[in-house]
Amino acid sequence: MKDVRVALVQDAPILFNLNHTIEKVDHLIQQAKSKGAAMVVFPEAFISAYPRGISFGTVVGARSSQGRAMWQRYHDSALDLSSPAFDRLSKIIKKHGIYCFIGVIERVQSGTLYCTLLYFDPKGKCIGKHRKIKPTAAERIIWGEGSGTDLITYDTTYGKVGGLICWENYMPLARLTLFQQSIEIYLAPTADHRDSWQHTIRHIACEGRCYVLSCNQFVTKRDYPTDLPGEDLSGFDEIMSRGGTTVIDPLGNELIQPLWDQPGIIMADLLSDVLVQSKMDFDVVGHYARNDLFR
């Protein structure tokens with residue numbers, strides 16, 4: 001690993017609007033680059049919505065016609081990786097010359113949507129992607145399950161980068177799969193804004209002896225379009241997602257305090273010496289692995 005300055009974006013997309021969200025991504029990457037970042041991380045499902053509070057007209061055993069219309073609205077704002085919109089995103093990243101890791105709702109030709117993490121290099125090339133292997137609770141209504149074949153890390157100029165999305169991080173064997181690849185910069189884009197999530201990411205950093213970059217959206221009800229078919233958000237608080245974006249070092253220390261209840265871009269410097277020194281007393285796939293006992 002080499003020392004690197006990273007930026008984590010805590011903001012809302014232009015919900016359910018693909019083109020306007022990509023415009024906002026351009027603006028946010030520009031801000032991150034101006035602050036000296038060589039890598040920028042966006043939250044889970046930033047393109048173009050984590051649909052918190054949306055029912056899609058579902059109850060057990062039944063779906064409504066309005067719910068199907070709402071799902072089409074969501075479907076139409078998702079990102080097809082073979083589309084002009086994807087090419088536009090790639091060109092934006094190339095223009096800024098920065099590593100970009102961004103959560104998207106991926107649409108495939110058959111019609112399924114996936115919650116996906118995309119990895120771009122500074123030339124705008126998509127060097128990898130990871131589809132969420134287990135959507136949580138009602139997410140299973142709208143997203144398919146990834147195959148798990150993309151649980152891999154990627155070599156960058158600054159170190160090995162990989163990640164898991166939101167509650168995948170509670171899956172011990174998924175984490176171990178990344179640890180076994182000597183991950184150094186661990187991405188944890190999420191939609192979890194509970195205080196308990198902060199304990200989760202600190203544990204992962206201590207367990208994996210890696211930097212953990214956790215990135216969440218800040219979203220209010222005002223960010224939602226007013227014409228969503230059949231949906232009513234009146235029962236929710238004004239702040240739909242509080243954020244909590246932060247960076248944890250390999251010894252479990254916060255490099256910056258979590259950002260709550262406001263949009264912003266946080267910056268952190270990841271130092272290679274800290275990562276090396278953290279392995280002195282614990283290496284989950286090295287001297288602490290006990291492969292003679294565990295299979």
# chains A, B, ... in the order shown; residues from 1 in each chain; ligands from 1
>>> closest_atom_pairs(of="segment 19-40 of chain A", to="segment 254-268 of chain A", cutoff="12 Å", atoms="only C-alpha atoms", output="tab-separated table")
residue	atom	partner	partner_atom	distance
A:His27	CA	A:Ile265	CA	11.9
A:Leu28	CA	A:Ile265	CA	8.4
A:Ile29	CA	A:Ile265	CA	9.8
A:Gln30	CA	A:Ile265	CA	11.2
A:Gln31	CA	A:Ile265	CA	8.2
A:Ala32	CA	A:Ile265	CA	7.1
A:Lys33	CA	A:Met267	CA	10.6
A:Ser34	CA	A:Met267	CA	11.3
A:Lys35	CA	A:Met267	CA	8.0
A:Gly36	CA	A:Met267	CA	8.9
A:Ala37	CA	A:Met267	CA	7.5
A:Ala38	CA	A:Met267	CA	10.6
A:Met39	CA	A:Met267	CA	10.0
A:Val40	CA	A:Met267	CA	9.2
>>> write_last_selection(atoms="N, CA and C atoms", output="short mmCIF file (atom, residue, chain, number, x, y, z; two decimals), in the first residue's frame")
data_model
loop_
_atom_site.label_atom_id
_atom_site.label_comp_id
_atom_site.auth_asym_id
_atom_site.auth_seq_id
_atom_site.Cartn_x
_atom_site.Cartn_y
_atom_site.Cartn_z
N HIS A 27 -20.23 16.89 -10.47
CA HIS A 27 -19.97 18.03 -9.59
C HIS A 27 -19.28 17.58 -8.30
N LEU A 28 -19.74 16.48 -7.72
CA LEU A 28 -19.18 16.01 -6.46
C LEU A 28 -17.75 15.48 -6.64
N ILE A 29 -17.48 14.79 -7.73
CA ILE A 29 -16.11 14.33 -7.99
C ILE A 29 -15.18 15.53 -8.15
N GLN A 30 -15.66 16.55 -8.83
CA GLN A 30 -14.85 17.77 -8.99
C GLN A 30 -14.48 18.36 -7.63
N GLN A 31 -15.45 18.40 -6.71
CA GLN A 31 -15.17 18.91 -5.37
C GLN A 31 -14.13 18.05 -4.65
N ALA A 32 -14.28 16.73 -4.76
CA ALA A 32 -13.34 15.83 -4.09
C ALA A 32 -11.93 16.00 -4.66
N LYS A 33 -11.83 16.09 -5.96
CA LYS A 33 -10.51 16.25 -6.60
C LYS A 33 -9.87 17.57 -6.19
N SER A 34 -10.67 18.62 -6.04
CA SER A 34 -10.12 19.93 -5.66
C SER A 34 -9.56 19.93 -4.25
N LYS A 35 -9.98 18.95 -3.43
CA LYS A 35 -9.48 18.84 -2.06
C LYS A 35 -8.26 17.91 -1.98
N GLY A 36 -7.78 17.46 -3.12
CA GLY A 36 -6.56 16.66 -3.15
C GLY A 36 -6.77 15.17 -3.10
N ALA A 37 -8.00 14.70 -3.28
CA ALA A 37 -8.26 13.27 -3.21
C ALA A 37 -7.77 12.54 -4.45
N ALA A 38 -7.21 11.36 -4.24
CA ALA A 38 -6.85 10.47 -5.35
C ALA A 38 -7.88 9.37 -5.52
N MET A 39 -8.75 9.20 -4.51
CA MET A 39 -9.84 8.23 -4.56
C MET A 39 -11.09 8.90 -4.00
N VAL A 40 -12.24 8.61 -4.60
CA VAL A 40 -13.51 9.12 -4.09
C VAL A 40 -14.49 7.96 -3.98
#
>>> residues_around(residues="Thr21 of chain A", least_positions_apart="6", cutoff="7 Å", atoms="only C-alpha atoms", output="number ranges by chain")
A: 13-14, 47-48
>>> write_last_selection(atoms="C-alpha atoms", output="CSV table (one decimal), in the first residue's frame")
chain,number,residue,atom,x,y,z
A,13,PRO,CA,-28.7,11.7,-5.5
A,14,ILE,CA,-31.4,13.3,-7.6
A,47,ILE,CA,-27.3,6.1,-8.8
A,48,SER,CA,-30.0,6.8,-8.5
>>> residues_around(residues="Gln109 of chain A", least_positions_apart="6", cutoff="12 Å", atoms="only C-alpha atoms", output="count of residues only")
7
>>> select_by_dssp(residues="segment 47-182 of chain A", states="strand (DSSP E)", output="MDAnalysis selection string")
chainID A and resid 58:59 62:63 99:107 113:120 126:131 154:156 159:163
>>> closest_residue(among="A:Thr246, A:Gln181, A:Thr58, A:Gln217", to="Val284 of chain A", atoms="only C-alpha atoms")
A:Gln181
>>> select_by_dssp(residues="segment 67-194 of chain A", states="alpha helix (DSSP H)", output="ChimeraX atom specification")
/A:67-76,84-96,139-142,172-179
>>> write_last_selection(atoms="N, CA and C atoms", output="compact mmCIF listing (two decimals), in the first residue's frame")
# COMPACT_ATOMS: atom_id res chain seq x y z
N GLY A 67 -47.96 -0.19 -7.41
CA GLY A 67 -46.62 -0.62 -7.00
C GLY A 67 -45.77 -1.01 -8.19
N ARG A 68 -46.38 -1.67 -9.18
CA ARG A 68 -45.63 -2.03 -10.38
C ARG A 68 -45.22 -0.78 -11.16
N ALA A 69 -46.08 0.24 -11.17
CA ALA A 69 -45.73 1.51 -11.82
C ALA A 69 -44.57 2.18 -11.09
N MET A 70 -44.56 2.09 -9.76
CA MET A 70 -43.46 2.65 -8.98
C MET A 70 -42.17 1.91 -9.26
N TRP A 71 -42.25 0.59 -9.38
CA TRP A 71 -41.05 -0.18 -9.68
C TRP A 71 -40.52 0.17 -11.07
N GLN A 72 -41.41 0.44 -12.02
CA GLN A 72 -40.93 0.86 -13.34
C GLN A 72 -40.21 2.20 -13.25
N ARG A 73 -40.73 3.10 -12.41
CA ARG A 73 -40.05 4.38 -12.20
C ARG A 73 -38.63 4.15 -11.69
N TYR A 74 -38.51 3.23 -10.77
CA TYR A 74 -37.19 2.88 -10.21
C TYR A 74 -36.32 2.21 -11.27
N HIS A 75 -36.90 1.27 -11.98
CA HIS A 75 -36.21 0.56 -13.06
C HIS A 75 -35.66 1.53 -14.09
N ASP A 76 -36.44 2.52 -14.47
CA ASP A 76 -36.03 3.46 -15.51
C ASP A 76 -34.90 4.38 -15.06
N PRO A 84 -25.47 4.46 -23.01
CA PRO A 84 -24.79 5.76 -23.11
C PRO A 84 -24.60 6.43 -21.75
N ALA A 85 -25.53 6.21 -20.83
CA ALA A 85 -25.39 6.81 -19.49
C ALA A 85 -24.15 6.28 -18.79
N PHE A 86 -23.89 4.98 -18.93
CA PHE A 86 -22.68 4.41 -18.33
C PHE A 86 -21.43 4.99 -18.99
N ASP A 87 -21.45 5.11 -20.30
CA ASP A 87 -20.31 5.71 -21.01
C ASP A 87 -20.08 7.14 -20.54
N ARG A 88 -21.16 7.86 -20.30
CA ARG A 88 -21.04 9.24 -19.82
C ARG A 88 -20.39 9.28 -18.44
N LEU A 89 -20.81 8.36 -17.57
CA LEU A 89 -20.20 8.28 -16.24
C LEU A 89 -18.71 7.99 -16.35
N SER A 90 -18.35 7.06 -17.20
CA SER A 90 -16.95 6.71 -17.40
C SER A 90 -16.13 7.91 -17.88
N LYS A 91 -16.69 8.67 -18.79
CA LYS A 91 -15.97 9.85 -19.31
C LYS A 91 -15.81 10.93 -18.25
N ILE A 92 -16.79 11.07 -17.39
CA ILE A 92 -16.69 12.04 -16.28
C ILE A 92 -15.53 11.66 -15.37
N ILE A 93 -15.42 10.39 -15.02
CA ILE A 93 -14.34 9.94 -14.14
C ILE A 93 -12.99 10.12 -14.82
N LYS A 94 -12.92 9.81 -16.09
CA LYS A 94 -11.67 10.00 -16.84
C LYS A 94 -11.28 11.48 -16.87
N LYS A 95 -12.25 12.35 -17.04
CA LYS A 95 -11.99 13.80 -17.08
C LYS A 95 -11.32 14.26 -15.79
N HIS A 96 -11.76 13.72 -14.67
CA HIS A 96 -11.21 14.16 -13.39
C HIS A 96 -9.95 13.38 -13.00
N GLU A 139 -35.65 -5.36 0.58
CA GLU A 139 -34.81 -5.16 -0.60
C GLU A 139 -34.93 -6.35 -1.56
N ARG A 140 -35.27 -7.52 -1.02
CA ARG A 140 -35.34 -8.73 -1.85
C ARG A 140 -36.49 -8.68 -2.84
N ILE A 141 -37.45 -7.78 -2.60
CA ILE A 141 -38.56 -7.62 -3.54
C ILE A 141 -38.09 -6.97 -4.83
N ILE A 142 -37.09 -6.07 -4.73
CA ILE A 142 -36.74 -5.23 -5.87
C ILE A 142 -35.36 -5.52 -6.45
N PRO A 172 -19.67 -13.33 8.03
CA PRO A 172 -18.26 -13.58 8.34
C PRO A 172 -17.46 -14.17 7.20
N LEU A 173 -18.05 -15.10 6.45
CA LEU A 173 -17.28 -15.74 5.39
C LEU A 173 -17.08 -14.82 4.19
N ALA A 174 -18.01 -13.89 3.99
CA ALA A 174 -17.80 -12.89 2.94
C ALA A 174 -16.62 -11.99 3.30
N ARG A 175 -16.57 -11.54 4.56
CA ARG A 175 -15.43 -10.74 5.01
C ARG A 175 -14.13 -11.52 4.85
N LEU A 176 -14.15 -12.78 5.30
CA LEU A 176 -12.94 -13.60 5.25
C LEU A 176 -12.45 -13.76 3.82
N THR A 177 -13.38 -13.85 2.87
CA THR A 177 -12.99 -13.98 1.47
C THR A 177 -12.15 -12.79 1.02
N LEU A 178 -12.50 -11.60 1.49
CA LEU A 178 -11.70 -10.41 1.16
C LEU A 178 -10.41 -10.38 1.96
N PHE A 179 -10.45 -10.74 3.23
CA PHE A 179 -9.23 -10.76 4.03
C PHE A 179 -8.19 -11.70 3.44
>>> closest_residue(among="A:Cys126, A:Gly252, A:Leu164, A:Arg63", to="Ile204 of chain A", atoms="only C-alpha atoms")
A:Gly252
>>> closest_residue(among="A:Phe294, A:Phe218, A:Tyr224, A:Phe101", to="Gln10 of chain A", atoms="only C-alpha atoms")
A:Phe218
>>> atom_distance(atom1="atom CA of Leu270 of chain A", atom2="atom CA of Tyr50 of chain A")
28.4 Å
>>> closest_residue(among="A:Leu233, A:Leu275, A:Met240, A:Leu113", to="Asn216 of chain A", atoms="only C-alpha atoms")
A:Met240
>>> residues_around(residues="Ser196 of chain A", least_positions_apart="6", cutoff="12 Å", atoms="only C-alpha atoms", output="ChimeraX atom specification")
/A:167,170,202-203,244
>>> write_last_selection(atoms="C-alpha atoms", output="compact mmCIF listing (two decimals), in the first residue's frame")
# COMPACT_ATOMS: atom_id res chain seq x y z
CA TRP A 167 -25.34 -5.87 5.66
CA TYR A 170 -22.36 -9.04 8.78
CA ARG A 202 -14.66 -0.54 13.72
CA HIS A 203 -14.77 -4.29 14.32
CA GLY A 244 -22.68 8.52 9.50
>>> closest_residue(among="A:Asp237, A:Asp3, A:Asp192, A:Glu184", to="Pro250 of chain A", atoms="only C-alpha atoms")
A:Glu184
>>> closest_residue(among="A:Val285, A:Ile102, A:Ala138, A:Cys210", to="Ile54 of chain A", atoms="only C-alpha atoms")
A:Ala138
>>> atom_distance(atom1="atom CA of Val212 of chain A", atom2="atom CA of Leu151 of chain A")
16.3 Å
>>> residues_around(residues="Gly148 of chain A", least_positions_apart="3", cutoff="10 Å", atoms="only C-alpha atoms", output="list of chain:residue names")
A:His130, A:Arg131, A:Lys132, A:Ile133, A:Lys134, A:Glu145, A:Leu151, A:Ile152, A:Ala174
>>> write_last_selection(atoms="N, CA and C atoms", output="PDB file, in the first residue's frame")
ATOM      1  N   HIS A 130     -19.164  -5.409  -8.043  1.00  0.00           N
ATOM      2  CA  HIS A 130     -19.645  -6.404  -7.096  1.00  0.00           C
ATOM      3  C   HIS A 130     -21.136  -6.222  -6.914  1.00  0.00           C
ATOM      4  N   ARG A 131     -21.887  -7.284  -7.129  1.00  0.00           N
ATOM      5  CA  ARG A 131     -23.328  -7.277  -6.901  1.00  0.00           C
ATOM      6  C   ARG A 131     -23.619  -7.829  -5.511  1.00  0.00           C
ATOM      7  N   LYS A 132     -24.453  -7.131  -4.772  1.00  0.00           N
ATOM      8  CA  LYS A 132     -24.827  -7.537  -3.415  1.00  0.00           C
ATOM      9  C   LYS A 132     -25.363  -8.964  -3.436  1.00  0.00           C
ATOM     10  N   ILE A 133     -24.783  -9.830  -2.592  1.00  0.00           N
ATOM     11  CA  ILE A 133     -25.137 -11.241  -2.656  1.00  0.00           C
ATOM     12  C   ILE A 133     -26.391 -11.575  -1.851  1.00  0.00           C
ATOM     13  N   LYS A 134     -26.779 -10.704  -0.925  1.00  0.00           N
ATOM     14  CA  LYS A 134     -27.981 -10.971  -0.136  1.00  0.00           C
ATOM     15  C   LYS A 134     -28.662  -9.649   0.208  1.00  0.00           C
ATOM     16  N   GLU A 145     -30.143 -11.301  -6.386  1.00  0.00           N
ATOM     17  CA  GLU A 145     -28.972 -11.692  -5.609  1.00  0.00           C
ATOM     18  C   GLU A 145     -27.774 -11.885  -6.527  1.00  0.00           C
ATOM     19  N   LEU A 151     -16.572 -11.527  -5.489  1.00  0.00           N
ATOM     20  CA  LEU A 151     -16.051 -11.204  -4.160  1.00  0.00           C
ATOM     21  C   LEU A 151     -14.525 -11.183  -4.230  1.00  0.00           C
ATOM     22  N   ILE A 152     -14.001 -10.168  -4.888  1.00  0.00           N
ATOM     23  CA  ILE A 152     -12.568 -10.090  -5.144  1.00  0.00           C
ATOM     24  C   ILE A 152     -12.065  -8.674  -4.867  1.00  0.00           C
ATOM     25  N   ALA A 174     -18.006 -13.888   3.990  1.00  0.00           N
ATOM     26  CA  ALA A 174     -17.802 -12.886   2.939  1.00  0.00           C
ATOM     27  C   ALA A 174     -16.625 -11.992   3.304  1.00  0.00           C
TER      28      ALA A 174
END
